[in-house]
Amino acid sequence: MQTEIVIAGFGGQGILFAGQVLAYAAMDSGKEVTWIPSYGPEMRGGTANCTVIIADEEIGSPLVRNPKGVIALNLPSFDRYESLVVPGGILIVNASLVNRAVQRKDLKSILVPANEIAESLGDKRLATMILAGALLVYLPVLPVEAVEKALRDHLPERHRKLLPLNFKALRTGADFALKATLSPLSSQN
Amino acid sequence: MQTEIVIAGFGGQGILFAGQVLAYAAMDSGKEVTWIPSYGPEMRGGTANCTVIIADEEIGSPLVRNPKGVIALNLPSFDRYESLVVPGGILIVNASLVNRAVQRKDLKSILVPANEIAESLGDKRLATMILAGALLVYLPVLPVEAVEKALRDHLPERHRKLLPLNFKALRTGADFALKATLSPLSSQN
Amino acid sequence: MPVRGWIEIDERYCKGCELCLNACPQSVLSLDMDRLTPKGYHPAQLSADGCTGCAICAIVCPEAAITVYREVSTRRARSIAA
Amino acid sequence: MPVRGWIEIDERYCKGCELCLNACPQSVLSLDMDRLTPKGYHPAQLSADGCTGCAICAIVCPEAAITVYREVSTRRARSIAA
Amino acid sequence: MTTNAPTELVYQRPESFTETVTHYCPGCTHGVAHRLVAEVLDEMALRERTIGVASVGCSVFAYNYFSCDFVEAAHGRAPAMATGIKRVLPDRVVFTYQGDGDLASIGMAEIVHAAGRGENITVIFINNANYGMTGGQMAPTTLPGQKTTSSPYGRDVEQMGFPIRMAELLATLDGAGYIARRSLHDPKNIRQAKKAIRLAFEAQVRGSGFSMVELLSTCPTNWGMTPVEALRWVEERMIPAFPLGDYKTME
Amino acid sequence: MTTNAPTELVYQRPESFTETVTHYCPGCTHGVAHRLVAEVLDEMALRERTIGVASVGCSVFAYNYFSCDFVEAAHGRAPAMATGIKRVLPDRVVFTYQGDGDLASIGMAEIVHAAGRGENITVIFINNANYGMTGGQMAPTTLPGQKTTSSPYGRDVEQMGFPIRMAELLATLDGAGYIARRSLHDPKNIRQAKKAIRLAFEAQVRGSGFSMVELLSTCPTNWGMTPVEALRWVEERMIPAFPLGDYKTME
Amino acid sequence: MTRQLLKGNEALAEAAIRAGVEAYFGYPITPQTEVLEYFSKRMPELGRTFLQAESEVAAINMVYGAACTGTRVMSSSSSPGVSLMMEGISYIAGTEVPLVLVDVMRGGPGLGNIAPSQGDYNQIVHGGGHGDYKPIVLAPASVQETIDFMDLAFDLAEKYRAIVVVLMDGNIGQMMEPAELPPMRPVVRSEPDWAVTGAKGRERRILSSIYIQPEEEEIVNIRLLKRWNQIEANEVRFKEYFVDDAELLVVGFGTAGRISLSAVRAAREEGIRVGLLRPITLSPYPYARIRALAGQIKGMLVVEMNSGQMLDDVIRAASGRVPVEFYGRLGGMVPFPDEVLEEIHRMAAQPASPNGNPRESWMKRLAIIEG
Amino acid sequence: MTRQLLKGNEALAEAAIRAGVEAYFGYPITPQTEVLEYFSKRMPELGRTFLQAESEVAAINMVYGAACTGTRVMSSSSSPGVSLMMEGISYIAGTEVPLVLVDVMRGGPGLGNIAPSQGDYNQIVHGGGHGDYKPIVLAPASVQETIDFMDLAFDLAEKYRAIVVVLMDGNIGQMMEPAELPPMRPVVRSEPDWAVTGAKGRERRILSSIYIQPEEEEIVNIRLLKRWNQIEANEVRFKEYFVDDAELLVVGFGTAGRISLSAVRAAREEGIRVGLLRPITLSPYPYARIRALAGQIKGMLVVEMNSGQMLDDVIRAASGRVPVEFYGRLGGMVPFPDEVLEEIHRMAAQPASPNGNPRESWMKRLAIIEG
Ligand SMILES: Cc1ncc(C[n+]2csc(CCOP(=O)(O)OP(=O)(O)O)c2C)c(N)n1
Ligand SMILES: Cc1ncc(C[n+]2csc(CCOP(=O)(O)OP(=O)(O)O)c2C)c(N)n1
Ligand code: SF4
Ligand code: SF4
Ligand code: SF4
Ligand code: SF4
Ligand code: SF4
Ligand code: SF4
Ligand SMILES: [Mg+2]
Ligand SMILES: [Mg+2]
């Protein structure tokens with residue numbers, strides 16, 4: 001069993017870190033895992049994404065064309081990955097930076113206004129963590145607790161004070177997802 | 001027909017230039033010719049030698065193991081080339097810097113105190129030209145006149161005043177050679 | 001009475017860096033917290049009266065996002081017309 | 001009376017460059033035109049009386065070819081012996 | 001805002017700029033330096049005969065933002081590349097745009113020799129006290145004690161040496177025609193920076209030899225500051241280490 | 001000459017020299033510079049803990065003449081190689097011996113950064129106003145108007161730039177501890193050169209950072225002069241362009 | 001030891017430290033910079049030498065100097081930076097001092113991009129600096145291998161006084177995976193009998209790459225050649241997957257090898273008898289093993305993230321005994337496993353002729369892909 | 001035109017001038033320095049650009065800049081200097097501007113010596129800078145050819161926006177021979193449609209080797225590859241001597257080729273049916289011709305002034321169809337014709353097996369020579 005997750009957006013949105021947290025959680029849960037980033041030359045605002053593969057056995061390629069779960073944090077990422085998610089996969093979209101609806105009908109998708117929620121929580125870099133919370137609701141490859149433990153164990157010392165906020169982001173994202181309109185399953189409005 | 005001449009000694013003895021003069025003379029006489037130098041990293045006093053090949057048809061290798069004529073201007077060159085001259089070939093030795101006799105019996109050799117003669121002519125850089133004069137007596141691949149013409153046509157402008165001296169050096173070398181004891185032919189004393 | 005001026009901020013360029021806010025001597029600039037540019041930034045906006053068209057905001061803007069206009073005083077307007 | 005000195009020139013090293021000749025304040029050095037070193041140079045030699053052992057030749061010699069000796073004045077000789 | 005009074009345009013985006021949005025981080029003063037160069041090209045009407053030489057650093061894509069011809073040099077070699085261009089097209093205006101890693105670290109030989117030769121080019125030198133593009137490593141201009149990703153305990157001058165002041169160093173060379181250091185941290189200094197840039201291009205047009213303007217610039221991202229804090233850091237920390245002024249002028 | 005009076009040895013070949021005959025041209029003052037270094041190593045008893053770094057130039061075989069450990073660097077990179085050695089063996093004495101082509105042309109970046117870092121090494125820098133080994137091409141130190149094999153019409157400062165004065169340039173760097181320029185053209189200056197070399201090695205032993213002695217030196221062969229004429233050329237032509245003196249001292 | 005989630009670049013730096021590296025000299029360049037940054041943090045903690053050089057040219061020459069003292073030393077860089085090291089590498093080869101260099105390749109030529117690539121295979125394996133020398137080249141495909149190969153790299157470099165390049169594409173450097181680090185080895189300062197350390201109580205030593213007499217240089221060249229023969233005899237390494245009964249063989253190194261593994265597994269699930277050979281030493285190359293397998297199988301597929309640079313070596317090894325096909329992506333593009341799987345399908349369906357030009361036919365297929 | 005006695009290095013410089021080179025940037029290094037010195041004298045006379053750069057790194061980047069303006073420009077260097085140019089060469093390849101570079105090889109690796117060598121064949125032909133690119137490599141064997149190939153070099157470089165290296169050993173550069181120079185071509189300043197010259201009355205132009213999106217870089221890489229295919233199809237050049245009825249074939253380039261010619265002539269005089277193929281383009285390599293000849297002959301002998309670098313290409317071309325043997329001298333040593341003749345004798349007497357390892361058997365023979 002192998003699950004592939006792509007998180008894609010701009011640099012500065014906390015993407016690489018969120019992916020790492022998932023990877024830590026997977027390793028600590030005894031899984032095989034790879035995390036691989038891909039980024040542009042910009043320090044801020046450029047393309048940034050990462051692929052996390054979680055599996056029960058040794059992982060071959062750390063990259064896949066058709067991931068099971070995608071978090072798209074901006075419009076270019078959404079444009080690029082909507083068509084790539086495996087049929088039946090999950091697509092979590094940052095509605096704050098995406099102004100169009102999901103076209104595909106063969107996957108589960110949710111639009112989450114992550115920037116707004118993050119800003120209401122007090123730090124816009126929480127956007128990805130919120131979306132990760134949402135993803136894990138529909139792609140239950142890891143229990144949220146494992147992710148929280150990973151955060152606790154691996155958040156760099158100097159960011160330790162952000163731990164509660166990150167927990168909150170995860171939970172808020174999950175809550176939002178649970179309450180949200182999942183398209184297309186219950187969409188069409 | 002191909003004739004190979006090696007001139008070998010220290011840098012600063014006028015070796016490369018003397019070789020070039022032979023090469024010019026050969027070309028102007030309608031022959032094929034190659035001139036190739038080999039030198040150490042020192043500007044003065046290091047190894048310097050050149051190989052001149054004069055032939056009637058297109059020349060393949062510009063280097064040969066066993067030249068027909070050798071001018072050895074110092075002891076290391078003498079040590080190296082004595083054994084390499086082709087049997088029956090010519091070996092012209094600068095007696096000013098060589099303190100031993102020629103061992104081989106199967107070639108013609110002359111010892112010429114070229115430094116002394118050169119100094120007596122007024123410029124120690126004439127040593128090689130003196131020895132070249134001697135060589136051409138026994139290796140008549142080019143008439144002395146052709147060499148003189150080459151000197152006249154190709155001596156760099158700024159050295160033009162040295163023309164008479166160079167002629168003199170050639171002639172003095174030739175005269176010395178004609179008068180000298182040619183070993184082994186008339187040697188054993 | 002100070003000259004009256006105003007500015008336009010091109011949201012394609014603005015990255016909400018606040019350098020113009022910080023530099024404006026009239027403190028008439030703010031970020032528009034209700035809007036996000038396509039790159040996810042809150043753009044700067046002219047949010048109060050009092051802009052003099054001094055162009056200081058434009059001088060400090062790293063994105064060349066600001067265009068500055070100014071009312072021409074009667075005297076200068078005349079000389080421009082001439 | 002000046003101190004008496006003398007020098008030795010190692011012909012392995014000497015290249016007949018004349019720098020020592022040029023520098024010697026007593027002008028007691030010359031090239032030996034009758035001899036050639038293995039490299040083909042006329043070596044320098046002490047060719048007149050009057051060397052003071054001042055070592056100036058050694059200081060300028062690029063080949064470190066020169067060794068300099070000097071007679072010890074009676075006073076200094078005593079102090080050396082002491 | 002509308003008005004009935006006659007209006008004038010006080011400031012607009014220079015014509016020597018393209019419409020491309022920069023990739024710079026919000027508040028990074030690389031953008032200000034770009035704008036000043038573009039304004040000078042506009043004012044001197046040089047755009048059509050100017051060739052820019054971008055370097056390797058955050059300004060690697062400078063060629064996307066200027067509407068003149070551009071080439072992109074290897075890391076540190078912009079002055080050599082500019083030399084190649086200027087020598088064969090002496091009537092064109094050639095400028096390089098280089099960071100402090102590019103110019104003062106790997107490109108030290110090329111900048112010193114371009115200045116020494118009095119190469120008739122203009123150099124815009126962005127000193128932001130670190131390597132921005134690669135994530136904030138130590139540069140030759142990093143201040144003593146400054147923490148970077150490759151001097152995590154702060155720049156220890158015993159081990160890593162002292163900041164190199166390029167304007168001073170290059171001013172020792174006879175070939176250098178105009179060399180100045182300016183800062184981009186406030187409107188007044190920005191105006192002075194622009195004047196210096198203009199003088200530098202004028203020097204080139206006149207054929208007065210090598211000209212360089214060193215600009216103290218921010219890197220909010222790698223310094224871990226807001227853009228506004230970063231301006232203050234330039235003023236309070238960088239200027240004392242890199243005094244502003246003219247280091248070489250033509251008389 | 002024999003005498004019955006007690007005699008003393010006034011001068012002999014230094015112990016830090018091997019018995020190898022140099023490959024230098026007759027009268028070339030590279031040999032004098034070598035001798036001075038060897039004398040200082042003798043006097044300070046450093047031979048057994050010294051590592052020399054030869055460079056690429058006529059002094060490429062320096063390692064044949066000194067009786068201490070030696071390495072041979074790539075052209076211009078001796079300061080980097082010396083840095084590598086000194087960093088891992090900080091209690092050893094490390095010196096480079098470089099020509100002006102090596103140090104001031106291709107090796108500009110390495111020497112500036114070694115000085116800037118205050119690298120605790122000693123540099124013996126032979127300025128002979130040309131590239132000796134390759135047959136007398138123009139160096140960054142070639143004088144205006146000087147003819148060389150690559151400036152056959154004389155160095156045209158408009159095209160080829162001005163001589164670079166390394167001592168002055170490096171003295172702008174905070175990491176430089178001791179920097180001096182001396183000449184080898186007569187006994188008095190040779191003595192002063194030796195003192196400077198001693199000060200430089202002492203600086204290193206004390207750990208005072210980068211030290212360099214620039215030595216004005218002859219190249220009779222490529223200058224087309226006798227060795228004695230060449231000394232005069234140093235005095236009359238080079239010294240005015242490269243003033244002797246201390247450019248950086250420790251206080 | 002426990003498994004830790006480690007990034008390739010950081011893992012290799014820590015592995016080098018545990019292998020006793022005493023000095024690191026380098027210059028930042030993506031996607032290798034984390035190596036330098038990691039050393040900048042750890043080496044001072046341990047009282048060892050870290051220095052950010054002014055350039056890659058300086059870095060390699062600092063390494064050269066330190067290596068001459070017999071110290072364990074290394075550098076790391078990425079494609080353009082490695083190009084700048086070529087003169088220094090050649091000097092190190094000529095001086096016969098050990099060198100360990102990590103090269104984390106990115107898309108090229110020129111400034112190119114910072115995406116992972118294998119476009120420098122030829123530069124590192126066949127070309128590079130001037131003169132007759134060959135480096136040992138190790139190609140890890142996982143974070144664990146980067147760790148394991150650092151140790152090996154130092155041992156080989158010192159054993160043969162040779163250059164060892166750990167050659168990886170940006171993926172391997174940037175990827176995080178669980179891996180185990182070895183325990184810290186105590187640093188043993190041995191002084192090899194050639195090391196230049198100051199002639200205290202012994203004959204002075206000289207280290208240099210000059211042999212001004214061609215006769216002497218020839219002897220050195222032959223010594224290097226003979227040493228290389230030993231290396232070829234003893235140090236060839238590779239990893240095989242599913243080759244026992246394979247009819248098709250995929251050959252790929254580093255990330256391309258891993259991606260191929262996914263494709264091979266998928267093909268095996270479909271019942272296709274395909275195996276994988278992943279060279280670990282790209283130099284010395286596993287010629288003999290590939291030649292042997294060429295007798296057993298019906299077709300070979302070489303997969304690379306370049307235009308088929310290793311392909312030429314596989315062709316030479318196969319020497320016409322079996323058709324060789326090629327699939328590559330270029331300039332920073334990474335193939336997905338499905339692309340390789342498709343190639344396997346194609347080859348399983350209709351084997352090629354041994355005399356075809358694999359690069360040409362790949363380009364034709366590419367042309368179709370590219371439209 | 002009349003025959004003049006010309007030195008290779010000076011002849012090529014004059015030939016470049018007559019071919020209309022407008023700018024030269026270089027740095028002194030033996031055995032290439034006469035090229036630079038010659039330009040320093042002639043270019044100012046003609047009002048063209050000569051500049052001695054501060055280093056080879058600077059020189060190649062100056063050339064890069066001038067090439068971007070569409071100007072005919074060149075540089076020259078020798079082995080260590082060429083190593084320093086590798087980054088710049090890769091940038092030039094990535095930017096697709098023309099480059100003509102003369103490389104007069106000397107003994108290596110490292111500082112080595114200043115004797116003639118062919119030890120950089122692999123560096124120039126197969127490796128060199130980072131990334132996927134290939135240069136055209138021309139190997140003259142006489143002063144006349146150095147002259148003729150300069151013209152060709154510029155034409156090819158501009159036609160294909162490619163890198164052309166004129167690769168010669170020090171012998172060819174240092175040798176004097178009678179040769180004819182072509183007449184002076186008028187300099188035609190054409191502005192190619194990619195040249196960066198100031199955006200006067202036209203769209204601005206950008207020249208760069210960055211393609212930050214791997215997708216774009218891949219397209220560029222493929223464009224380079226396709227161009228290379230054209231070059232391979234059109235530009236292979238070689239010279240043959242006595243091959244028509246040959247049973248043995250000697251393959252050698254540059255000086256090794258000339259020396260082999262002497263040996264082949266001597267062998268022919270003895271009645272041995274031996275021919276010579278002298279590749280002129282080392283890249284693209286005359287694979288097809290060698291493959292064809294491999295069918296005709298009984299054995300091949302590769303002669304090089306290195307450890308058998310081109311040998312690998314000949315083996316690939318022969319692909320096991322004929323035994324290939326090797327003879328080489330290294331590190332600045334130049335074989336004499338009698339050495340090659342002896343090899344021909346040996347091969348004529350007892351042909352080798354096609355499966356032998358030519359380098360190993362050569363080394364065994366060498367071991368005997370070396371004693
Ligand atoms: C030869 C080479 N080495 C290293 C790099 C990696 N690199 C890219 S940008 C950069 C530093 C740029 O810093 P700086 O010049 O200060 O510019 P900034 O980003 O700060 O404006 C480095 C080291 C490279 N591209 N090429
Ligand atoms: C990379 C490289 N480029 C060029 C050379 C050729 N070269 C050898 S010595 C030298 C110049 C030496 O001049 P300098 O440093 O002034 O020393 P000098 O001989 O004058 O003492 C040059 C260019 C080289 N060996 N390596
Ligand atoms: S300075 Fe420019 S970019 Fe920054 S907030 Fe103001 S308008 Fe926007
Ligand atoms: S023009 Fe002046 S007053 Fe108006 S917004 Fe800008 S800075 Fe403020
Ligand atoms: S200075 Fe030295 S080398 Fe020169 S002549 Fe005198 S002793 Fe001989
Ligand atoms: S010691 Fe003094 S006096 Fe004697 S020879 Fe030397 S320089 Fe002349
Ligand atoms: S990393 Fe620094 S220098 Fe680069 S764009 Fe961002 S703020 Fe500017
Ligand atoms: S060439 Fe010049 S520097 Fe070199 S040894 Fe001769 S005189 Fe000295
Ligand atoms: Mg910077
Ligand atoms: Mg010099």
# chains A, B, ... in the order shown; residues from 1 in each chain; ligands from 1
$ residues_near_ligand --ligand "ligand 2" --cutoff "8 Å" --atoms "only C-alpha atoms and all ligand atoms" --output "JSON, numbers by chain"
{"F": [30, 55, 56, 57, 58, 59, 60, 74, 75, 76, 98, 99, 100, 101, 102, 103, 104, 106, 126, 127, 128, 129, 130, 131, 132, 133, 134, 136, 139, 219], "G": [87], "H": [27, 28, 29, 30, 55, 56, 77, 78, 80, 81, 82, 83, 84, 111]}
$ calpha_fit_and_write --fixed "chain C" --moving "chain D" --output "CSV table (one decimal) with C-alpha atoms, in the first residue's frame"
chain,number,residue,atom,x,y,z
D,1,MET,CA,-2.4,75.1,1.7
D,2,PRO,CA,-0.6,71.9,0.5
D,3,VAL,CA,-1.1,70.7,-3.0
D,4,ARG,CA,-3.6,68.0,-3.5
D,5,GLY,CA,-2.4,64.8,-5.0
D,6,TRP,CA,-3.3,61.1,-5.3
D,7,ILE,CA,-1.8,57.9,-6.3
D,8,GLU,CA,-2.7,54.7,-8.1
D,9,ILE,CA,-1.3,51.4,-7.0
D,10,ASP,CA,-1.1,48.6,-9.6
D,11,GLU,CA,-2.1,45.5,-7.8
D,12,ARG,CA,-0.3,43.3,-10.3
D,13,TYR,CA,2.9,44.6,-8.8
D,14,CYS,CA,2.1,45.4,-5.2
D,15,LYS,CA,3.4,42.9,-2.7
D,16,GLY,CA,2.0,44.6,0.4
D,17,CYS,CA,5.5,45.2,1.8
D,18,GLU,CA,4.4,48.3,3.6
D,19,LEU,CA,7.5,50.4,2.6
D,20,CYS,CA,5.2,53.0,1.1
D,21,LEU,CA,3.1,53.0,4.3
D,22,ASN,CA,6.2,53.5,6.3
D,23,ALA,CA,7.5,56.3,4.2
D,24,CYS,CA,4.4,58.4,3.4
D,25,PRO,CA,4.8,61.6,5.3
D,26,GLN,CA,1.0,62.1,5.4
D,27,SER,CA,0.2,58.6,6.7
D,28,VAL,CA,-2.5,58.2,4.2
D,29,LEU,CA,-1.7,54.7,3.1
D,30,SER,CA,-2.7,51.3,4.5
D,31,LEU,CA,-3.0,47.7,3.4
D,32,ASP,CA,-6.3,46.6,2.2
D,33,MET,CA,-7.0,43.7,4.5
D,34,ASP,CA,-10.1,42.6,2.7
D,35,ARG,CA,-8.4,41.8,-0.6
D,36,LEU,CA,-5.7,39.5,-1.7
D,37,THR,CA,-3.7,39.9,-4.9
D,38,PRO,CA,-3.3,36.7,-7.0
D,39,LYS,CA,0.1,36.2,-5.3
D,40,GLY,CA,-1.7,36.2,-1.9
D,41,TYR,CA,-0.7,39.7,-0.7
D,42,HIS,CA,-2.9,42.4,0.8
D,43,PRO,CA,-2.3,45.4,-1.5
D,44,ALA,CA,-1.5,48.9,-0.3
D,45,GLN,CA,-4.2,51.5,-0.8
D,46,LEU,CA,-4.7,55.2,-0.3
D,47,SER,CA,-7.0,55.2,2.6
D,48,ALA,CA,-7.3,58.7,3.9
D,49,ASP,CA,-7.4,62.2,2.6
D,50,GLY,CA,-4.3,64.4,2.6
D,51,CYS,CA,-2.1,63.0,-0.2
D,52,THR,CA,0.1,65.7,-1.4
D,53,GLY,CA,1.4,63.9,-4.5
D,54,CYS,CA,4.9,64.1,-3.0
D,55,ALA,CA,5.8,60.8,-4.6
D,56,ILE,CA,7.8,59.6,-1.7
D,57,CYS,CA,5.8,56.4,-1.7
D,58,ALA,CA,6.8,55.9,-5.3
D,59,ILE,CA,10.4,56.5,-4.6
D,60,VAL,CA,10.5,53.8,-2.0
D,61,CYS,CA,8.3,51.3,-3.8
D,62,PRO,CA,10.5,48.3,-4.9
D,63,GLU,CA,7.9,47.1,-7.3
D,64,ALA,CA,7.4,50.4,-9.2
D,65,ALA,CA,3.7,49.8,-8.5
D,66,ILE,CA,2.7,53.4,-7.8
D,67,THR,CA,1.7,56.2,-10.1
D,68,VAL,CA,1.5,59.6,-8.6
D,69,TYR,CA,-0.6,62.5,-9.8
D,70,ARG,CA,-1.0,66.0,-8.5
D,71,GLU,CA,-3.3,69.0,-9.0
D,72,VAL,CA,-1.4,71.7,-10.7
D,73,SER,CA,-1.5,75.0,-8.8
D,74,THR,CA,-3.0,77.8,-10.8
D,75,ARG,CA,0.3,79.4,-11.5
D,76,ARG,CA,1.9,76.3,-12.7
D,77,ALA,CA,-1.2,75.2,-14.6
D,78,ARG,CA,-0.9,78.5,-16.5
D,79,SER,CA,2.7,77.9,-17.2
D,80,ILE,CA,2.0,74.4,-18.4
D,81,ALA,CA,-0.7,75.7,-20.7
D,82,ALA,CA,1.6,78.3,-22.1
$ residues_around --residues "Asp79 of chain B" --least-positions-apart "5" --cutoff "10 Å" --atoms "only C-alpha atoms" --output "PyMOL selection string"
chain B and resi 72+74+84+98+100+102
$ residues_around --residues "Gly69 of chain B" --least-positions-apart "2" --cutoff "10 Å" --atoms "only C-alpha atoms" --output "compact mmCIF listing (two decimals) with N, CA, C and O atoms, in the first residue's frame"
# COMPACT_ATOMS: atom_id res chain seq x y z
N THR B 3 66.60 13.86 -44.67
CA THR B 3 67.74 14.08 -43.78
C THR B 3 67.24 14.71 -42.49
O THR B 3 66.49 15.69 -42.52
N GLU B 4 67.63 14.12 -41.37
CA GLU B 4 67.17 14.65 -40.09
C GLU B 4 68.35 15.21 -39.32
O GLU B 4 69.40 14.58 -39.21
N ILE B 5 68.14 16.41 -38.80
CA ILE B 5 69.19 17.08 -38.03
C ILE B 5 68.63 17.45 -36.66
O ILE B 5 67.55 18.03 -36.57
N VAL B 6 69.38 17.10 -35.62
CA VAL B 6 69.00 17.54 -34.28
C VAL B 6 70.07 18.48 -33.77
O VAL B 6 71.27 18.20 -33.89
N ILE B 7 69.65 19.61 -33.23
CA ILE B 7 70.58 20.54 -32.59
C ILE B 7 70.16 20.62 -31.12
O ILE B 7 68.99 20.90 -30.83
N THR B 51 64.56 19.73 -33.94
CA THR B 51 64.77 18.75 -34.99
C THR B 51 64.36 19.39 -36.31
O THR B 51 63.27 19.95 -36.40
N VAL B 52 65.23 19.30 -37.29
CA VAL B 52 64.91 19.79 -38.63
C VAL B 52 64.94 18.60 -39.57
O VAL B 52 65.92 17.85 -39.58
N ASN B 66 66.47 8.31 -34.72
CA ASN B 66 67.87 8.25 -35.10
C ASN B 66 68.18 9.25 -36.21
O ASN B 66 68.08 8.92 -37.39
N PRO B 67 68.58 10.45 -35.81
CA PRO B 67 68.85 11.48 -36.82
C PRO B 67 70.16 11.21 -37.56
O PRO B 67 71.03 10.51 -37.06
N ILE B 71 74.04 18.13 -33.69
CA ILE B 71 74.96 19.11 -33.11
C ILE B 71 74.69 19.10 -31.61
O ILE B 71 73.58 19.41 -31.18
N ALA B 72 75.71 18.71 -30.82
CA ALA B 72 75.52 18.65 -29.37
C ALA B 72 76.28 19.79 -28.74
O ALA B 72 77.51 19.83 -28.80
N TYR B 81 72.65 12.08 -27.21
CA TYR B 81 72.52 11.85 -28.64
C TYR B 81 73.64 11.02 -29.25
O TYR B 81 73.50 10.54 -30.36
N LEU B 84 72.36 7.91 -30.38
CA LEU B 84 71.17 7.94 -31.24
C LEU B 84 71.46 8.25 -32.70
O LEU B 84 70.67 7.92 -33.58
N VAL B 85 72.58 8.88 -32.96
CA VAL B 85 72.90 9.22 -34.36
C VAL B 85 72.90 7.92 -35.16
O VAL B 85 73.35 6.88 -34.69
N VAL B 86 72.34 8.01 -36.34
CA VAL B 86 72.25 6.82 -37.20
C VAL B 86 73.68 6.37 -37.57
O VAL B 86 74.58 7.22 -37.69
N GLY B 88 76.90 5.82 -39.37
CA GLY B 88 77.35 6.55 -40.55
C GLY B 88 76.98 8.02 -40.52
O GLY B 88 77.33 8.76 -41.43
N GLY B 89 76.25 8.44 -39.48
CA GLY B 89 75.81 9.83 -39.38
C GLY B 89 76.92 10.75 -38.88
O GLY B 89 78.07 10.33 -38.71
N ILE B 90 76.54 12.00 -38.66
CA ILE B 90 77.50 13.03 -38.28
C ILE B 90 77.19 13.54 -36.88
O ILE B 90 76.03 13.83 -36.58
N LEU B 91 78.22 13.69 -36.06
CA LEU B 91 78.03 14.25 -34.72
C LEU B 91 79.01 15.39 -34.53
O LEU B 91 80.23 15.18 -34.56
N ILE B 92 78.46 16.59 -34.38
CA ILE B 92 79.30 17.77 -34.18
C ILE B 92 79.18 18.17 -32.71
O ILE B 92 78.07 18.38 -32.21
N LEU B 107 80.48 6.54 -36.71
CA LEU B 107 79.96 7.80 -37.23
C LEU B 107 81.09 8.80 -37.33
O LEU B 107 82.17 8.62 -36.77
N LYS B 108 80.80 9.86 -38.08
CA LYS B 108 81.80 10.91 -38.22
C LYS B 108 81.57 11.93 -37.12
O LYS B 108 80.43 12.35 -36.91
N SER B 109 82.60 12.32 -36.45
CA SER B 109 82.40 13.32 -35.41
C SER B 109 83.55 14.31 -35.40
O SER B 109 84.68 13.98 -35.73
N LEU B 135 78.78 21.31 -39.45
CA LEU B 135 77.91 20.18 -39.83
C LEU B 135 77.74 20.10 -41.35
O LEU B 135 77.83 19.02 -41.94
N LEU B 136 77.49 21.27 -41.95
CA LEU B 136 77.16 21.27 -43.38
C LEU B 136 78.32 20.80 -44.25
O LEU B 136 78.12 20.40 -45.39
N TYR B 138 80.08 18.18 -43.62
CA TYR B 138 80.02 16.71 -43.70
C TYR B 138 78.63 16.17 -43.99
O TYR B 138 78.46 14.98 -44.22
N LEU B 139 77.62 17.03 -43.90
CA LEU B 139 76.25 16.62 -44.21
C LEU B 139 75.72 17.60 -45.25
O LEU B 139 74.98 18.53 -44.93
$ residues_around --residues "Gly107 of chain H" --least-positions-apart "2" --cutoff "8 Å" --atoms "only C-alpha atoms" --output "list of chain:residue names"
G:Gly131, G:Pro214, G:Glu217, H:Met105, H:Pro109, H:Gly112, H:Asn113, H:Ile114, H:Ala115, H:Pro116, H:Ser117, H:Gln118, H:Gly119, H:Leu330, H:Gly331, H:Gly332
